[in-house]
Amino acid sequence: MGCQMNEYDSNRILDLAKKINYFPTKKIEEANCYVLNTCHIREKATEKVYHEVGRVKKQFRDKKKPIVLIVGCVAQAEGDILLKSEKYIDAVIGPQNYHSINNIIKRIDEKDRENNLTEFDVIKKFDELNLVKNSNTKASSYLTIQEGCDKFCKFCVVPYTRGPEYSRSIKEIILEARQLVKNGSKEIILLGQNVNAYKYKNNHLSDLLYKLNDIEGLERIRFTTSHPKDYTKDLIEAHKKCKKLMPLLHLPVQSGSSEILKKMNRGHCINEYTDLIEALKESNSSIKFSSDFIIAYPGETDKDFEKTIELVKKIKFINTYSFIFSARPGTPAASLDIVDVKIAKKRLSLFQHITNEIKKNYRKKLVNTFCNVLFENKTKNNDNSFFGRDEYFNSVIVKSKINLTGQIKKVKISRNNQNTLFGELIDYKKREEFAA
């Protein structure tokens, strides 16, 4: 469940478990061990855990119970509550302790149940993971380079579930990146709760980007998620100089009102945000942006909301992710008075209508244009269709009689719907004409 980092973590959990002869199964009824990797960002996170555990209990009603492990951010935030409330759970493991999963499984096999590993031990975690090769073979792969957050935005639970900011060494990141490329990855997406806060000794994210840029066989680099406060001049310049860095930046702003940003403790105002956008455009005229928005944050007035609408119309984000404010237990914003639910829903509906129109107009303009697509897999439709993404992370589907997985191909976009572009491969003759 949840973010890209949970996907990376889940893959690394599999790499670890293989050492004690546990392997993935697609059939839940065959499982000896069930691992639920959880997210605490959205509302009803704990309820989802109980629902999933209930589903497992139903599946194994007449069978031997599997080991049930709850890992991730809900485990970190509410581990003791989970263990006391649901006896079917064998252990809870926080995000900085999943390197201990093999020992936990062994202890449970030996009937030692009460396990709560939620201390912040991120250094030991990555020391252990460096000993296990990343076996991911996808054309596009995630790679965690930074964890935790020191910003303490008042609505955010991350500092309490992922701990303080920690950056991995350049050496271990490059080694893992080379392993992923060796496995077949053509694109690497660098992950961090505040990825542009990356700092190891005297090295910053820009230094890491240039080193990754030199890896033979690696064709594309992306990173997410960035905080506007940590965007430095050297990183802005990297968008011009780092040729493999893709021209889409996810830069969460959360609100278009400086007053609300101050209440959120975001550490920047709207003028600083828009100045950063302009500086990035000057560095790379091809760059486009996506962002996150919290609608109806406590204290948001109609005027504050109007400023948010003004911002999205000005920037024209090609993708936005928006949610009504949902209080996270333990955060400072949890005790604030919320905006009336009807008003909040009305604002979200209007916001999403406007942002969907911007996205629709953007996609319409892509019809009859050309793009480079990295194909990730064949679709499940059994009609020789292949799925990939262009430079701006747009989903693209193309039909082909040859296997396109892992290849970057020139595509002409022929049509689109709300979420997907459809195109056709450009043959060599047309490609030469296009290049001319």
# chains A, B, ... in the order shown; residues from 1 in each chain; ligands from 1
>>> select_by_dssp(residues="stretch 321-413 of chain A", states="strand (DSSP E)", output="list in words")
Tyr321, Ser322, Phe323, Ile324, Phe370, Cys371, Asn372, Val373, Leu374, Phe375, Glu376, Asn377, Lys378, Ser385, Phe386, Phe387, Gly388, Arg389, Ser395, Val396, Ile397, Val398, Lys399, Ile408, Lys409, Lys410, Val411, Lys412 and Ile413 of chain A
>>> residues_around(residues="stretch 309-314 of chain A", least_positions_apart="3", cutoff="7 Å", atoms="only C-alpha atoms", output="list in words")
Gly256, Phe305, Glu306, Phe317 and Phe351 of chain A
>>> write_last_selection(atoms="N, CA and C atoms", output="compact mmCIF listing (two decimals), in the first residue's frame")
# COMPACT_ATOMS: atom_id res chain seq x y z
N GLY A 256 -2.14 27.14 -2.71
CA GLY A 256 -1.73 28.33 -3.43
C GLY A 256 -1.74 29.58 -2.57
N PHE A 305 -8.62 29.46 -1.05
CA PHE A 305 -8.91 28.47 -2.09
C PHE A 305 -8.80 29.08 -3.48
N GLU A 306 -9.30 30.31 -3.63
CA GLU A 306 -9.21 31.00 -4.93
C GLU A 306 -7.75 31.17 -5.35
N PHE A 317 -0.05 22.64 -14.23
CA PHE A 317 0.52 21.34 -13.89
C PHE A 317 -0.06 20.25 -14.79
N PHE A 351 -11.86 22.08 -7.82
CA PHE A 351 -10.42 21.99 -8.07
C PHE A 351 -10.12 20.89 -9.08
>>> closest_residue(among="A:Leu348, A:Leu36, A:Val68, A:Val367", to="A:Asn416", atoms="only C-alpha atoms")
A:Val367
>>> atom_distance(atom1="atom CA of A:Asp390", atom2="atom CA of A:Arg222")
12.2 Å
>>> residues_around(residues="A:Gly192", least_positions_apart="4", cutoff="12 Å", atoms="only C-alpha atoms", output="VMD selection string")
chain A and resid 3 to 6 8 to 9 142 to 149 158 162 164 to 168 196 to 199 205 222 to 227
>>> write_last_selection(atoms="C-alpha atoms", output="PDB file, in the first residue's frame")
ATOM      1  CA  CYS A   3       4.059   5.309  -1.942  1.00  0.00           C
ATOM      2  CA  GLN A   4       6.794   4.256  -4.358  1.00  0.00           C
ATOM      3  CA  MET A   5       9.171   3.773  -1.451  1.00  0.00           C
ATOM      4  CA  ASN A   6       6.888   1.031  -0.137  1.00  0.00           C
ATOM      5  CA  TYR A   8      10.990  -0.454  -3.297  1.00  0.00           C
ATOM      6  CA  ASP A   9      10.906  -1.689   0.312  1.00  0.00           C
ATOM      7  CA  TYR A 142      12.925   2.507  -7.905  1.00  0.00           C
ATOM      8  CA  LEU A 143      16.018   3.160  -5.805  1.00  0.00           C
ATOM      9  CA  THR A 144      15.810   4.708  -2.339  1.00  0.00           C
ATOM     10  CA  ILE A 145      18.614   7.212  -1.707  1.00  0.00           C
ATOM     11  CA  GLN A 146      17.193   9.175   1.236  1.00  0.00           C
ATOM     12  CA  GLU A 147      14.699   8.534   4.005  1.00  0.00           C
ATOM     13  CA  GLY A 148      12.990  10.534   6.695  1.00  0.00           C
ATOM     14  CA  CYS A 149      12.103  14.185   7.056  1.00  0.00           C
ATOM     15  CA  VAL A 158       6.364  11.082   7.940  1.00  0.00           C
ATOM     16  CA  ARG A 162      10.202   7.348   8.892  1.00  0.00           C
ATOM     17  CA  PRO A 164      14.918  12.055  10.724  1.00  0.00           C
ATOM     18  CA  GLU A 165      16.539  12.661   7.342  1.00  0.00           C
ATOM     19  CA  TYR A 166      19.188  10.116   6.403  1.00  0.00           C
ATOM     20  CA  SER A 167      21.128   9.868   3.130  1.00  0.00           C
ATOM     21  CA  ARG A 168      22.846   6.757   1.793  1.00  0.00           C
ATOM     22  CA  ASN A 196      16.399  16.828  -2.833  1.00  0.00           C
ATOM     23  CA  ALA A 197      17.542  17.098   0.793  1.00  0.00           C
ATOM     24  CA  TYR A 198      20.016  14.334  -0.112  1.00  0.00           C
ATOM     25  CA  LYS A 199      23.430  15.071   1.355  1.00  0.00           C
ATOM     26  CA  LEU A 205      21.725  15.337  -5.154  1.00  0.00           C
ATOM     27  CA  ARG A 222      14.002  10.671 -12.358  1.00  0.00           C
ATOM     28  CA  PHE A 223      13.661  11.607  -8.694  1.00  0.00           C
ATOM     29  CA  THR A 224      10.771  12.137  -6.297  1.00  0.00           C
ATOM     30  CA  THR A 225       9.547  13.663  -4.000  1.00  0.00           C
ATOM     31  CA  SER A 226      11.137  17.125  -3.753  1.00  0.00           C
ATOM     32  CA  HIS A 227      10.529  19.871  -1.225  1.00  0.00           C
TER      33      HIS A 227
END
>>> closest_residue(among="A:Asn130, A:Asn21, A:Ser185, A:Thr46", to="A:Asn102", atoms="only C-alpha atoms")
A:Asn21
>>> closest_residue(among="A:Lys57, A:Pro66, A:Met1, A:Glu357", to="A:Ala31", atoms="only C-alpha atoms")
A:Pro66
>>> residues_around(residues="A:Asn37", least_positions_apart="3", cutoff="12 Å", atoms="only C-alpha atoms", output="MDAnalysis selection string")
chainID A and resid 1:14 34 40 45:46 48:49 52:53 68:76 92:95 98
>>> write_last_selection(atoms="N, CA and C atoms", output="short mmCIF file (atom, residue, chain, number, x, y, z; two decimals), in the first residue's frame")
data_model
loop_
_atom_site.label_atom_id
_atom_site.label_comp_id
_atom_site.auth_asym_id
_atom_site.auth_seq_id
_atom_site.Cartn_x
_atom_site.Cartn_y
_atom_site.Cartn_z
N MET A 1 0.84 -1.19 0.00
CA MET A 1 0.00 0.00 0.00
C MET A 1 0.88 1.25 0.00
N GLY A 2 0.35 2.35 -0.62
CA GLY A 2 1.03 3.63 -0.44
C GLY A 2 2.04 3.99 -1.50
N CYS A 3 3.13 4.60 -1.06
CA CYS A 3 4.06 5.31 -1.94
C CYS A 3 5.02 4.38 -2.69
N GLN A 4 5.80 5.01 -3.59
CA GLN A 4 6.79 4.26 -4.36
C GLN A 4 7.86 3.64 -3.47
N MET A 5 8.16 4.32 -2.34
CA MET A 5 9.17 3.77 -1.45
C MET A 5 8.71 2.45 -0.85
N ASN A 6 7.40 2.31 -0.62
CA ASN A 6 6.89 1.03 -0.14
C ASN A 6 7.06 -0.06 -1.18
N GLU A 7 6.95 0.30 -2.46
CA GLU A 7 7.19 -0.68 -3.53
C GLU A 7 8.66 -1.11 -3.52
N TYR A 8 9.55 -0.14 -3.39
CA TYR A 8 10.99 -0.45 -3.30
C TYR A 8 11.26 -1.33 -2.08
N ASP A 9 10.70 -0.93 -0.93
CA ASP A 9 10.91 -1.69 0.31
C ASP A 9 10.39 -3.12 0.17
N SER A 10 9.23 -3.27 -0.46
CA SER A 10 8.64 -4.61 -0.63
C SER A 10 9.54 -5.50 -1.47
N ASN A 11 10.10 -4.94 -2.53
CA ASN A 11 11.02 -5.72 -3.37
C ASN A 11 12.26 -6.14 -2.60
N ARG A 12 12.75 -5.25 -1.74
CA ARG A 12 13.95 -5.57 -0.95
C ARG A 12 13.62 -6.60 0.14
N ILE A 13 12.41 -6.55 0.68
CA ILE A 13 11.98 -7.58 1.63
C ILE A 13 12.01 -8.96 0.96
N LEU A 14 11.55 -9.02 -0.29
CA LEU A 14 11.61 -10.28 -1.03
C LEU A 14 13.05 -10.75 -1.22
N TYR A 34 2.47 -13.96 5.20
CA TYR A 34 1.75 -12.87 4.56
C TYR A 34 2.30 -11.55 5.11
N HIS A 40 0.58 5.26 6.06
CA HIS A 40 -0.17 5.97 7.09
C HIS A 40 -0.56 7.38 6.65
N ALA A 45 -6.18 4.39 7.64
CA ALA A 45 -5.05 3.49 7.35
C ALA A 45 -5.09 2.25 8.22
N THR A 46 -5.38 2.42 9.51
CA THR A 46 -5.42 1.29 10.42
C THR A 46 -6.60 0.37 10.09
N LYS A 48 -7.79 -0.23 7.21
CA LYS A 48 -7.42 -1.03 6.04
C LYS A 48 -6.57 -2.23 6.45
N VAL A 49 -5.72 -2.03 7.47
CA VAL A 49 -4.91 -3.15 7.97
C VAL A 49 -5.82 -4.24 8.53
N GLU A 52 -7.60 -6.11 5.76
CA GLU A 52 -6.74 -7.05 5.05
C GLU A 52 -6.46 -8.30 5.89
N VAL A 53 -6.21 -8.09 7.18
CA VAL A 53 -5.97 -9.23 8.07
C VAL A 53 -7.22 -10.10 8.14
N VAL A 68 1.81 -13.78 9.87
CA VAL A 68 1.26 -12.50 9.41
C VAL A 68 2.11 -11.36 9.96
N LEU A 69 2.73 -10.62 9.06
CA LEU A 69 3.61 -9.52 9.43
C LEU A 69 3.05 -8.21 8.90
N ILE A 70 2.93 -7.21 9.76
CA ILE A 70 2.52 -5.87 9.34
C ILE A 70 3.78 -5.00 9.37
N VAL A 71 4.17 -4.49 8.22
CA VAL A 71 5.37 -3.66 8.14
C VAL A 71 4.99 -2.27 7.63
N GLY A 72 5.94 -1.34 7.66
CA GLY A 72 5.71 -0.01 7.11
C GLY A 72 5.25 1.00 8.14
N CYS A 73 4.62 2.06 7.66
CA CYS A 73 4.38 3.24 8.48
C CYS A 73 3.26 3.07 9.50
N VAL A 74 2.22 2.27 9.18
CA VAL A 74 1.19 2.02 10.18
C VAL A 74 1.76 1.18 11.31
N ALA A 75 2.63 0.23 10.96
CA ALA A 75 3.30 -0.57 11.99
C ALA A 75 4.12 0.32 12.90
N GLN A 76 4.81 1.30 12.31
CA GLN A 76 5.64 2.21 13.10
C GLN A 76 4.79 3.06 14.04
N VAL A 92 4.95 -6.69 14.18
CA VAL A 92 4.91 -5.41 13.48
C VAL A 92 6.35 -4.92 13.32
N ILE A 93 6.66 -4.44 12.11
CA ILE A 93 8.03 -4.05 11.80
C ILE A 93 8.02 -2.69 11.12
N GLY A 94 8.66 -1.70 11.73
CA GLY A 94 8.71 -0.35 11.17
C GLY A 94 9.59 -0.28 9.93
N PRO A 95 9.50 0.83 9.17
CA PRO A 95 10.23 0.96 7.90
C PRO A 95 11.75 0.87 8.05
N TYR A 98 12.96 -3.46 8.60
CA TYR A 98 12.57 -4.64 7.85
C TYR A 98 13.76 -5.52 7.45
#
>>> atom_distance(atom1="atom CA of A:Ser395", atom2="atom CA of A:Asn382")
18.1 Å
>>> residues_around(residues="A:Thr331", least_positions_apart="2", cutoff="9 Å", atoms="only C-alpha atoms", output="list of chain:residue names")
A:Phe152, A:Cys153, A:Lys154, A:Phe155, A:Cys156, A:Val157, A:Tyr160, A:Ala327, A:Arg328, A:Pro329, A:Ala333, A:Ala334, A:Ser335
>>> residues_around(residues="A:Lys233", least_positions_apart="2", cutoff="12 Å", atoms="only C-alpha atoms", output="ChimeraX atom specification")
/A:196,204-206,228-231,235-240,276,279-280,282-283
>>> residues_around(residues="A:Asn377", least_positions_apart="3", cutoff="12 Å", atoms="only C-alpha atoms", output="list in words")
Thr137, Lys138, Ala139, Ser140, Val373, Leu374, Lys380, Asn381, Asn382, Asn384, Ser385, Phe386, Phe387, Gly388, Arg389, Ser395, Val396, Ile397, Val398, Lys399, Ser400, Asn403, Leu404, Thr405, Gly406 and Gln407 of chain A
>>> write_last_selection(atoms="N, CA and C atoms", output="PDB file, in the first residue's frame")
ATOM      1  N   THR A 137      14.087  -6.672 -11.891  1.00  0.00           N
ATOM      2  CA  THR A 137      14.455  -6.739 -13.310  1.00  0.00           C
ATOM      3  C   THR A 137      13.556  -5.870 -14.186  1.00  0.00           C
ATOM      4  N   LYS A 138      12.812  -4.957 -13.594  1.00  0.00           N
ATOM      5  CA  LYS A 138      11.920  -4.110 -14.377  1.00  0.00           C
ATOM      6  C   LYS A 138      12.699  -3.113 -15.230  1.00  0.00           C
ATOM      7  N   ALA A 139      12.096  -2.688 -16.332  1.00  0.00           N
ATOM      8  CA  ALA A 139      12.736  -1.703 -17.202  1.00  0.00           C
ATOM      9  C   ALA A 139      12.893  -0.366 -16.482  1.00  0.00           C
ATOM     10  N   SER A 140      11.935  -0.058 -15.604  1.00  0.00           N
ATOM     11  CA  SER A 140      11.987   1.158 -14.781  1.00  0.00           C
ATOM     12  C   SER A 140      11.976   0.723 -13.321  1.00  0.00           C
ATOM     13  N   VAL A 373       9.416   6.613 -26.000  1.00  0.00           N
ATOM     14  CA  VAL A 373       8.716   5.823 -24.992  1.00  0.00           C
ATOM     15  C   VAL A 373       9.594   4.666 -24.528  1.00  0.00           C
ATOM     16  N   LEU A 374       9.733   4.542 -23.212  1.00  0.00           N
ATOM     17  CA  LEU A 374      10.379   3.370 -22.624  1.00  0.00           C
ATOM     18  C   LEU A 374       9.274   2.369 -22.309  1.00  0.00           C
ATOM     19  N   LYS A 380      -2.276  -6.713 -20.355  1.00  0.00           N
ATOM     20  CA  LYS A 380      -2.986  -7.975 -20.090  1.00  0.00           C
ATOM     21  C   LYS A 380      -4.105  -8.237 -21.102  1.00  0.00           C
ATOM     22  N   ASN A 381      -4.207  -7.407 -22.141  1.00  0.00           N
ATOM     23  CA  ASN A 381      -5.318  -7.535 -23.083  1.00  0.00           C
ATOM     24  C   ASN A 381      -5.128  -8.636 -24.117  1.00  0.00           C
ATOM     25  N   ASN A 382      -3.902  -9.192 -24.188  1.00  0.00           N
ATOM     26  CA  ASN A 382      -3.586 -10.246 -25.169  1.00  0.00           C
ATOM     27  C   ASN A 382      -3.848  -9.810 -26.611  1.00  0.00           C
ATOM     28  N   ASN A 384      -1.349  -7.897 -28.330  1.00  0.00           N
ATOM     29  CA  ASN A 384      -0.036  -7.382 -28.755  1.00  0.00           C
ATOM     30  C   ASN A 384       0.143  -5.903 -28.428  1.00  0.00           C
ATOM     31  N   SER A 385      -0.444  -5.466 -27.318  1.00  0.00           N
ATOM     32  CA  SER A 385      -0.280  -4.081 -26.879  1.00  0.00           C
ATOM     33  C   SER A 385       0.805  -4.009 -25.802  1.00  0.00           C
ATOM     34  N   PHE A 386       1.609  -2.957 -25.885  1.00  0.00           N
ATOM     35  CA  PHE A 386       2.688  -2.764 -24.927  1.00  0.00           C
ATOM     36  C   PHE A 386       2.531  -1.416 -24.233  1.00  0.00           C
ATOM     37  N   PHE A 387       2.825  -1.428 -22.932  1.00  0.00           N
ATOM     38  CA  PHE A 387       2.696  -0.231 -22.110  1.00  0.00           C
ATOM     39  C   PHE A 387       4.072   0.374 -21.850  1.00  0.00           C
ATOM     40  N   GLY A 388       4.129   1.719 -21.948  1.00  0.00           N
ATOM     41  CA  GLY A 388       5.374   2.418 -21.636  1.00  0.00           C
ATOM     42  C   GLY A 388       5.082   3.836 -21.196  1.00  0.00           C
ATOM     43  N   ARG A 389       6.148   4.578 -20.956  1.00  0.00           N
ATOM     44  CA  ARG A 389       5.995   5.982 -20.546  1.00  0.00           C
ATOM     45  C   ARG A 389       6.928   6.856 -21.367  1.00  0.00           C
ATOM     46  N   SER A 395       1.469   7.788 -19.668  1.00  0.00           N
ATOM     47  CA  SER A 395       1.259   6.399 -20.072  1.00  0.00           C
ATOM     48  C   SER A 395       0.989   6.341 -21.568  1.00  0.00           C
ATOM     49  N   VAL A 396       1.692   5.432 -22.252  1.00  0.00           N
ATOM     50  CA  VAL A 396       1.550   5.281 -23.705  1.00  0.00           C
ATOM     51  C   VAL A 396       1.353   3.802 -24.029  1.00  0.00           C
ATOM     52  N   ILE A 397       0.382   3.506 -24.890  1.00  0.00           N
ATOM     53  CA  ILE A 397       0.148   2.131 -25.329  1.00  0.00           C
ATOM     54  C   ILE A 397       0.300   2.051 -26.844  1.00  0.00           C
ATOM     55  N   VAL A 398       1.053   1.044 -27.281  1.00  0.00           N
ATOM     56  CA  VAL A 398       1.346   0.842 -28.700  1.00  0.00           C
ATOM     57  C   VAL A 398       1.171  -0.636 -29.022  1.00  0.00           C
ATOM     58  N   LYS A 399       0.666  -0.943 -30.198  1.00  0.00           N
ATOM     59  CA  LYS A 399       0.573  -2.332 -30.637  1.00  0.00           C
ATOM     60  C   LYS A 399       1.812  -2.697 -31.443  1.00  0.00           C
ATOM     61  N   SER A 400       2.316  -3.899 -31.180  1.00  0.00           N
ATOM     62  CA  SER A 400       3.522  -4.336 -31.879  1.00  0.00           C
ATOM     63  C   SER A 400       3.575  -5.860 -31.902  1.00  0.00           C
ATOM     64  N   ASN A 403       8.396  -7.945 -29.320  1.00  0.00           N
ATOM     65  CA  ASN A 403       8.428  -7.614 -27.894  1.00  0.00           C
ATOM     66  C   ASN A 403       9.172  -6.297 -27.689  1.00  0.00           C
ATOM     67  N   LEU A 404       8.475  -5.294 -27.152  1.00  0.00           N
ATOM     68  CA  LEU A 404       9.070  -3.971 -26.960  1.00  0.00           C
ATOM     69  C   LEU A 404       9.601  -3.756 -25.541  1.00  0.00           C
ATOM     70  N   THR A 405       9.374  -4.717 -24.658  1.00  0.00           N
ATOM     71  CA  THR A 405       9.742  -4.546 -23.254  1.00  0.00           C
ATOM     72  C   THR A 405      11.224  -4.209 -23.089  1.00  0.00           C
ATOM     73  N   GLY A 406      11.484  -3.128 -22.352  1.00  0.00           N
ATOM     74  CA  GLY A 406      12.863  -2.718 -22.087  1.00  0.00           C
ATOM     75  C   GLY A 406      13.484  -1.864 -23.183  1.00  0.00           C
ATOM     76  N   GLN A 407      12.720  -1.548 -24.224  1.00  0.00           N
ATOM     77  CA  GLN A 407      13.256  -0.750 -25.326  1.00  0.00           C
ATOM     78  C   GLN A 407      12.673   0.671 -25.309  1.00  0.00           C
TER      79      GLN A 407
END
>>> select_by_dssp(residues="stretch 7-234 of chain A", states="alpha helix (DSSP H)", output="VMD selection string")
chain A and resid 7 to 17 45 to 59 73 to 85 101 to 109 122 to 129 158 to 161 170 to 183 205 to 213 233 to 234
>>> closest_residue(among="A:Asn32, A:Thr38, A:Ser258, A:Thr379", to="A:Ile105", atoms="only C-alpha atoms")
A:Asn32
>>> closest_residue(among="A:Asn183, A:Ser85, A:Asn213, A:Thr320", to="A:Lys241", atoms="only C-alpha atoms")
A:Asn213
>>> decode(residues="stretch 203-219 of chain A", atoms="C-alpha atoms", output="tab-separated table (two decimals), in the first residue's frame")
chain	number	residue	atom	x	y	z
A	203	ASN	CA	27.90	15.48	-1.93
A	204	HIS	CA	24.42	16.70	-2.85
A	205	LEU	CA	21.72	15.34	-5.15
A	206	SER	CA	23.23	17.13	-8.16
A	207	ASP	CA	26.56	15.32	-7.61
A	208	LEU	CA	24.75	11.97	-7.50
A	209	LEU	CA	22.83	12.79	-10.69
A	210	TYR	CA	26.03	13.47	-12.64
A	211	LYS	CA	27.56	10.19	-11.45
A	212	LEU	CA	24.44	8.25	-12.43
A	213	ASN	CA	24.46	10.05	-15.78
A	214	ASP	CA	27.80	8.36	-16.53
A	215	ILE	CA	26.50	4.79	-16.04
A	216	GLU	CA	26.54	3.00	-19.38
A	217	GLY	CA	23.20	1.39	-20.20
A	218	LEU	CA	21.21	3.70	-17.94
A	219	GLU	CA	19.04	5.82	-20.23
